[in-house]
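Colleague: Shown below is the structure under consideration.
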Amino acid sequence: MRRRRGPLAIVVAVLLAGTSACAESVARADAADARVLRVCADPNNLPFSNEAEEGFENALARLVAEELGARVEYTWWAQRRGFIRNTLTARTCDVVMGLPTSMELALTTRPYYRSSYVFITRRDAGISPRSLDDSVLRRVSVGVQVIGDDYTDAPPAHAMTRRGIVQNVRGYSVYGDYSQPSPPSRIVEAVASGEVDVAIAWGAMAGYFAARQPVPLDVVPVTPEIDLPFMPMVFDISAGVRREDVALRDELEAVLYRRRADIDRLLDEYHVPRVGSLRR
Amino acid sequence: MGGCGKSDQKEADVRRGGALPGGDIAQLAEDDGQWVMAAKNYSSTRFSGLTEIDTASVRNLRLAWSFSTGQLRGHEAAPLIIDGTMYIVTPFPNNVFALDTRDGSLKWTYEPKPLRGAQGVACCDVVNRGVAYADGRIFVNTLDVHTIALDAATGRELWKTKLGDINIGESITMAPLVVGSNVLVGNSGGEFGVRGWLKALDTRSGEVVWTAYSTGPDTEVLIDHSTFRPFYEADRRPDLGVNTWSGDQWKIGGGTVWGWISYDPELNLIYHGTGNPGVWNPALRPGDNKWSVSVFARNPETGFARWAYQLVPHDEHDYDGVNESVLLDLEIGGRLRKVLVRPERNGFMYVMDRETGEVISADAFGPVTWGSSVDIKTGRPIPSELAATGNRKATRVCPAAPGMKDWQPSAWSPRTSLLYIPHNHLCMDYEGLEANYVAGTPYVGADVRMYSAEGRDNRTHRGNFTAWDPVGRRIVWQIPERFPVWSGALTTAGDVVFYGTMDRLFKAVNARTGELLWQFRTGSGIIGQPVSYRGPDGKQYIAILAGIGGWAGAAALGILPDVDPGIALGFAAAVPDLPEYTAQGGMLYVFALP
């Protein structure tokens, strides 16, 4: 919270940027640390970000800001449909710390990590699927996340459908109840509580919450990485900016590359499973 | 909870003496000096008996006064006029204004200040379709899932009831309807995995009298098999709201009630539809998914269903069944039948027996490729090959997701026996392609592309205004429009029909021929509902809210479609040229003859 600056600070900055002669010395004194990294983020979505700035994307924003000699300012908006439109495109902020590299709504940096959809199971349950084709998925209860009805869903939902695995599949809304902390995490708790035997969810979220359950859980990337004909289970993740902000993108990219060892350590701390080798 | 409401109703009935069933609102609805509910009357005809403005005089129609709402998003609401006061509600933040119809002066303003977060959960712009009135009270729904009663004279808040939770994706956009001592309200949010409901609130206290869910066990859908008489045999089995789903998916099963409600005081039945099935790849929810995309006939006091009929079992194309039921008595096959007519989103015009739920006829009123026809014996539509979306790619699905006709209400003239339908002329392709990201979860989204039914590059014909004969089952005349016609329709005893276009024209056409008689260039595109009333000076007035937005108008909300072609579920790609015709801005226009 200490890094947040409200609208008042923006007004002050604008006033300082004016040409008034008597304000000039003050402006110069402030100019040294006047750069602001305006980050668009979800206020309630650990392990990525939250308003208390406890997520790894919050930490990443601090790291980048430090490199750029800037301070971080947040625009908070739930990361749902319209997130990019209401934040980045509306110019209330300039950077999203985590987006799929191939997302066309933004100009993305080269990826700084690659994660995968994962199987989440209770270690004591004796069920350990490794492949989406594992026949055990036909016999036990399987939790997947569901997104919407506009012909789209998370890849595991499609993978199960394609195999005709339907009756034993249970859906958890990826949106969840936004009044609760980190709404998408509900599916991990469902494995711990025995509500489902196996869940298939995005690794970055699942790894973090699996490590925080009262019983030991296993988190294992699914195979294959691409469920034929074209359903990827593995995604590269980048920082993103508006499509015209090429210079800012290049700056971010350089920082993410320079600090890659620190970023890897950060992702380890948050139990984010990584797969494959990354072309940074 | 219903106890105090019931006794209030008895007192009210005594006070009214020999009032019509449905009370003083039904009487007010008969008075063409007023416009007491969004649909004009319980039959939802949107017909005014006023004759001063007719096919000859309409050419002289002039602006009498106007009023800026101060809001920029899509204005879909119908103004109400009661005893010389006009009431309008804006899109989020749902401000209510009371205006003096003598001169347009402002009597009072009410600002509910709904939670800002509600904007993030509304699927398709932050619209509101109008307020309701009864017994000196105005009832307004807010996007953040509240219903509020106001003193119509002062704007003072009398009660405010929270009906749902924006945190699970619920919102409210529909216009409430008052029947007896109950105000009826349904939720929106089918895109977010909510469970649809219709609630009745006591108009005096705001307490919830009953809740009817669209999915789940009969006890929660309010089906009692001793009184439930659906027409089709397959619909008579118990707990279809559970058994036509896999597992407990019905709990996030959608079927929201965000559209129109009609009421037949003699049969004492309300009629409402339900939205698309919720939050789930169609292939992952095997079964009919009842009672999504369905029509219900319910008792307004208890909420219990008399009959139900599913328009689209196992919907795969977002064909919500929330459109208006126009209640008519028509001579069909040599006998007078009490029917309801529904210009449906799925492309078929349904004429149903409103006593029994029987489908009398169902005819395509534009290009339909997802299904071939409706089997009258079983009531089930016959899908085409296209309907199988499991393969994640389909070409030329007609109508597109917003349907042949979305929420925009039609009007019926008893003088011409024609139904006037504002609607869309769009088809779509979809394909799983682009990476997307929700709540930190990456996935491959579908690329939904909508375009004119005339062809992918056609930019001159994406909507229609159609006059339909429900007995002859045919189009009598039709006006092609550049954009989907997203406004409501109004017809009058002067044989004039009014509607508005997204390219800023408010039009009057001849009810018998479709000939354009008059038009007025408004400040912003029109997606509102025209109404008519008699002013204190005895003259006939026509009122309409302009202000582009809504699902169809999202392209004009300052976002270029080429930056974000997926906005508004592909609708923006169908109307990329809309910003060349209109900008935002809510404004009320009131017209009269000199």
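The way I read the labels, and the way they are meant: chains A, B, ... in the order of the structure tokens, residue 1 as the first residue of every chain, and ligand 1 as the first ligand shown, with later ones counted on from there.
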Using only C-alpha atoms and a distance of at most 6 Å, pull out the residues of chain A that contact chain B, as JSON, numbers by chain.
Modeller: {"A": [79, 80, 102, 103, 146, 148, 149, 151, 152, 154, 161, 166, 167, 177, 178, 179]}
Colleague: Restrict the selected residues to N, CA and C atoms and save them as a PDB file, in the first residue's frame.
Modeller:
ATOM      1  N   GLN A  79      -9.792  -9.229 -13.053  1.00  0.00           N
ATOM      2  CA  GLN A  79      -9.299  -9.714 -14.342  1.00  0.00           C
ATOM      3  C   GLN A  79     -10.320 -10.650 -14.975  1.00  0.00           C
ATOM      4  N   ARG A  80     -11.329 -10.017 -15.538  1.00  0.00           N
ATOM      5  CA  ARG A  80     -12.401 -10.743 -16.201  1.00  0.00           C
ATOM      6  C   ARG A  80     -12.531 -10.199 -17.603  1.00  0.00           C
ATOM      7  N   SER A 102       0.917 -14.960 -26.436  1.00  0.00           N
ATOM      8  CA  SER A 102       0.251 -14.887 -27.732  1.00  0.00           C
ATOM      9  C   SER A 102      -1.042 -14.078 -27.704  1.00  0.00           C
ATOM     10  N   MET A 103      -1.310 -13.415 -26.593  1.00  0.00           N
ATOM     11  CA  MET A 103      -2.551 -12.642 -26.509  1.00  0.00           C
ATOM     12  C   MET A 103      -2.465 -11.424 -27.432  1.00  0.00           C
ATOM     13  N   VAL A 146     -14.515 -23.796 -15.365  1.00  0.00           N
ATOM     14  CA  VAL A 146     -15.324 -23.392 -16.510  1.00  0.00           C
ATOM     15  C   VAL A 146     -15.360 -21.867 -16.577  1.00  0.00           C
ATOM     16  N   GLY A 148     -17.087 -19.766 -19.516  1.00  0.00           N
ATOM     17  CA  GLY A 148     -18.250 -19.062 -20.046  1.00  0.00           C
ATOM     18  C   GLY A 148     -18.961 -19.918 -21.046  1.00  0.00           C
ATOM     19  N   ASP A 149     -19.979 -19.352 -21.629  1.00  0.00           N
ATOM     20  CA  ASP A 149     -20.747 -20.143 -22.571  1.00  0.00           C
ATOM     21  C   ASP A 149     -20.536 -19.651 -23.997  1.00  0.00           C
ATOM     22  N   TYR A 151     -18.738 -20.353 -26.342  1.00  0.00           N
ATOM     23  CA  TYR A 151     -17.974 -21.340 -27.113  1.00  0.00           C
ATOM     24  C   TYR A 151     -16.566 -21.538 -26.565  1.00  0.00           C
ATOM     25  N   THR A 152     -16.272 -21.026 -25.379  1.00  0.00           N
ATOM     26  CA  THR A 152     -14.922 -21.175 -24.870  1.00  0.00           C
ATOM     27  C   THR A 152     -14.950 -21.818 -23.500  1.00  0.00           C
ATOM     28  N   ALA A 154     -11.784 -23.415 -20.372  1.00  0.00           N
ATOM     29  CA  ALA A 154     -10.387 -23.717 -20.104  1.00  0.00           C
ATOM     30  C   ALA A 154     -10.038 -25.030 -20.807  1.00  0.00           C
ATOM     31  N   THR A 161     -14.111 -33.261 -22.541  1.00  0.00           N
ATOM     32  CA  THR A 161     -15.234 -33.400 -23.469  1.00  0.00           C
ATOM     33  C   THR A 161     -14.866 -34.224 -24.678  1.00  0.00           C
ATOM     34  N   VAL A 166     -17.544 -36.956 -19.214  1.00  0.00           N
ATOM     35  CA  VAL A 166     -18.476 -35.877 -18.944  1.00  0.00           C
ATOM     36  C   VAL A 166     -19.209 -36.089 -17.615  1.00  0.00           C
ATOM     37  N   GLN A 167     -19.739 -37.302 -17.442  1.00  0.00           N
ATOM     38  CA  GLN A 167     -20.630 -37.539 -16.299  1.00  0.00           C
ATOM     39  C   GLN A 167     -19.927 -37.406 -14.954  1.00  0.00           C
ATOM     40  N   ASP A 177     -16.583 -16.724  -6.265  1.00  0.00           N
ATOM     41  CA  ASP A 177     -17.265 -15.713  -5.471  1.00  0.00           C
ATOM     42  C   ASP A 177     -16.246 -14.630  -5.150  1.00  0.00           C
ATOM     43  N   TYR A 178     -16.402 -13.471  -5.770  1.00  0.00           N
ATOM     44  CA  TYR A 178     -15.364 -12.444  -5.669  1.00  0.00           C
ATOM     45  C   TYR A 178     -15.296 -11.802  -4.284  1.00  0.00           C
ATOM     46  N   SER A 179     -16.281 -12.109  -3.430  1.00  0.00           N
ATOM     47  CA  SER A 179     -16.198 -11.583  -2.068  1.00  0.00           C
ATOM     48  C   SER A 179     -15.229 -12.405  -1.220  1.00  0.00           C
TER      49      SER A 179
END
Colleague: If we count only C-alpha atoms and set the cut-off at 6 Å, which residues sit around stretch 37-50 of chain A, ignoring sequence neighbours fewer than 6 positions away in its own chain? Please answer as a PyMOL selection string.
Modeller: chain A and resi 56-58+70-79+93-96+182
Colleague: When you count only C-alpha atoms, which of these residues is closest to B:Glu170: A:Tyr175, A:Leu63, A:Arg243, A:Ala157?
Modeller: A:Tyr175
Colleague: Could you find all residues in stretch 80-177 of chain B that DSSP calls alpha helix (DSSP H) from the backbone, and write them as a PyMOL selection string?
Modeller: chain B and resi 118-121
Colleague: Create the file for the chosen residues now, containing C-alpha atoms and written as a PDB file, in the first residue's frame.
Modeller:
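That gives us part02.pdb:
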ATOM      1  CA  ALA B 118     -21.065  -4.003 -10.805  1.00  0.00           C
ATOM      2  CA  GLN B 119     -19.807  -2.632 -14.099  1.00  0.00           C
ATOM      3  CA  GLY B 120     -17.224  -5.395 -14.297  1.00  0.00           C
ATOM      4  CA  VAL B 121     -19.794  -8.194 -14.091  1.00  0.00           C
TER       5      VAL B 121
END
Colleague: Would you pick out the contacts of B:Ala297 at 8 Å or less, using only C-alpha atoms, so that residues sharing its chain but fewer than 2 positions from it are not included, and give the list as a ChimeraX atom specification?
Modeller: /B:269-272,295,299,305-308,354
Colleague: Under the rule that only C-alpha atoms are counted, which of B:Val140, B:Val131, B:Ala453, B:Leu505 is the nearest residue to B:Gln519?
Modeller: B:Leu505
Colleague: Which residues are close to B:Gly523, i.e. within 8 Å by only C-alpha atoms, leaving aside same-chain residues fewer than 2 positions away? Reply as a PyMOL selection string.
Modeller: chain B and resi 504+521+525+546-547+582+585+587
Colleague: Could you pull out the strand (DSSP E) residues of stretch 159-203 of chain A, going by DSSP on the backbone, and write them as a ChimeraX atom specification?
Modeller: /A:169-173,198-202
Colleague: Rank nothing, just name the residue among B:Leu150, B:Leu222, B:Val185, B:Val368 nearest to B:Gly259, using only C-alpha atoms.
Modeller: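 Result for the nearest residue to B:Gly259: B:Val185.
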Colleague: Could you jot down the atom CA of B:Thr302 to atom CA of B:Gly275 separation for me, Å, one decimal place?
Modeller: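 A separation of 21.8 Å between them.
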Colleague: Using only C-alpha atoms for the distances, tell me which of A:Ile84, A:Ser277, A:Leu267, A:Asp245 is nearest to A:Gly55.
Modeller: A:Leu267
Colleague: Just to confirm, what's the straight-line distance from atom CA of A:Phe235 to atom CA of A:Ser128 in Å (one decimal)?
Modeller: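 Pair atom CA of A:Phe235 / atom CA of A:Ser128 returns 22.7 Å.
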Colleague: With only C-alpha atoms as the counted atoms, please give the residues lying no more than 8 Å from A:Ile187, apart from itself and same-chain residues fewer than 2 positions off, as a PyMOL selection string.
Modeller: chain A and resi 143-145+172+184-185+189-191+199+201
Colleague: Take the residues from that selection and put them in a file with N, CA and C atoms, as an mmCIF file, in the first residue's frame.
Modeller:
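What landed in part.cif:
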data_model
loop_
_atom_site.group_PDB
_atom_site.id
_atom_site.type_symbol
_atom_site.label_atom_id
_atom_site.label_comp_id
_atom_site.auth_asym_id
_atom_site.auth_seq_id
_atom_site.Cartn_x
_atom_site.Cartn_y
_atom_site.Cartn_z
ATOM 1 N N GLY A 143 -12.399 -32.540 -11.281
ATOM 2 C CA GLY A 143 -12.813 -31.133 -11.258
ATOM 3 C C GLY A 143 -12.092 -30.340 -12.338
ATOM 4 N N VAL A 144 -12.832 -29.530 -13.064
ATOM 5 C CA VAL A 144 -12.214 -28.623 -14.035
ATOM 6 C C VAL A 144 -12.834 -27.239 -13.834
ATOM 7 N N GLN A 145 -12.129 -26.222 -14.340
ATOM 8 C CA GLN A 145 -12.679 -24.875 -14.245
ATOM 9 C C GLN A 145 -13.420 -24.520 -15.523
ATOM 10 N N TYR A 172 -16.116 -25.969 -11.805
ATOM 11 C CA TYR A 172 -15.976 -24.869 -10.851
ATOM 12 C C TYR A 172 -15.815 -23.584 -11.653
ATOM 13 N N PRO A 184 -10.543 -18.081 -7.741
ATOM 14 C CA PRO A 184 -10.320 -19.316 -8.524
ATOM 15 C C PRO A 184 -9.726 -20.473 -7.720
ATOM 16 N N SER A 185 -9.274 -20.225 -6.475
ATOM 17 C CA SER A 185 -8.567 -21.273 -5.728
ATOM 18 C C SER A 185 -9.490 -22.358 -5.192
ATOM 19 N N GLU A 189 -8.950 -26.405 -3.129
ATOM 20 C CA GLU A 189 -9.529 -26.810 -1.831
ATOM 21 C C GLU A 189 -10.431 -28.032 -2.009
ATOM 22 N N ALA A 190 -11.069 -28.133 -3.168
ATOM 23 C CA ALA A 190 -11.979 -29.261 -3.413
ATOM 24 C C ALA A 190 -11.214 -30.588 -3.453
ATOM 25 N N VAL A 191 -9.959 -30.561 -3.920
ATOM 26 C CA VAL A 191 -9.141 -31.775 -3.908
ATOM 27 C C VAL A 191 -8.754 -32.107 -2.468
ATOM 28 N N ALA A 199 -8.164 -32.744 -9.750
ATOM 29 C CA ALA A 199 -8.533 -31.490 -10.412
ATOM 30 C C ALA A 199 -7.489 -31.210 -11.474
ATOM 31 N N ALA A 201 -6.061 -27.903 -13.316
ATOM 32 C CA ALA A 201 -6.143 -26.443 -13.267
ATOM 33 C C ALA A 201 -4.810 -25.850 -13.682
#
Colleague: Env of A:Asp218: 10 Å cut, atoms = only C-alpha atoms, seq-sep filter 5 positions within chain, self excluded. Answer as an mmCIF file with C-alpha atoms, in the first residue's frame.
Modeller:
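Okay, this is what ended up in part33.cif:
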data_model
loop_
_atom_site.group_PDB
_atom_site.id
_atom_site.type_symbol
_atom_site.label_atom_id
_atom_site.label_comp_id
_atom_site.auth_asym_id
_atom_site.auth_seq_id
_atom_site.Cartn_x
_atom_site.Cartn_y
_atom_site.Cartn_z
ATOM 1 C CA VAL A 118 -1.543 -29.637 -13.923
ATOM 2 C CA PHE A 119 -3.185 -32.604 -12.252
ATOM 3 C CA ILE A 120 -3.806 -31.947 -8.561
ATOM 4 C CA THR A 121 -4.313 -34.996 -6.354
ATOM 5 C CA ARG A 122 -4.102 -35.930 -2.694
ATOM 6 C CA ARG A 123 -0.815 -37.673 -2.045
ATOM 7 C CA ASP A 124 -2.556 -40.311 0.105
ATOM 8 C CA ILE A 127 -4.414 -41.752 -7.854
ATOM 9 C CA SER A 128 -1.689 -40.295 -10.001
ATOM 10 C CA ALA A 206 -2.618 -24.578 -8.424
ATOM 11 C CA GLY A 207 1.018 -24.802 -7.267
ATOM 12 C CA ALA A 210 -1.661 -26.793 -3.225
ATOM 13 C CA ALA A 211 1.263 -25.870 -0.957
#
Colleague: Would you compute the distance between atom CA of B:Ala212 and atom CA of B:Val351? Give it in Å to one decimal.
Modeller: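 Spanning atom CA of B:Ala212 to atom CA of B:Val351 is a straight-line distance of 24.7 Å.
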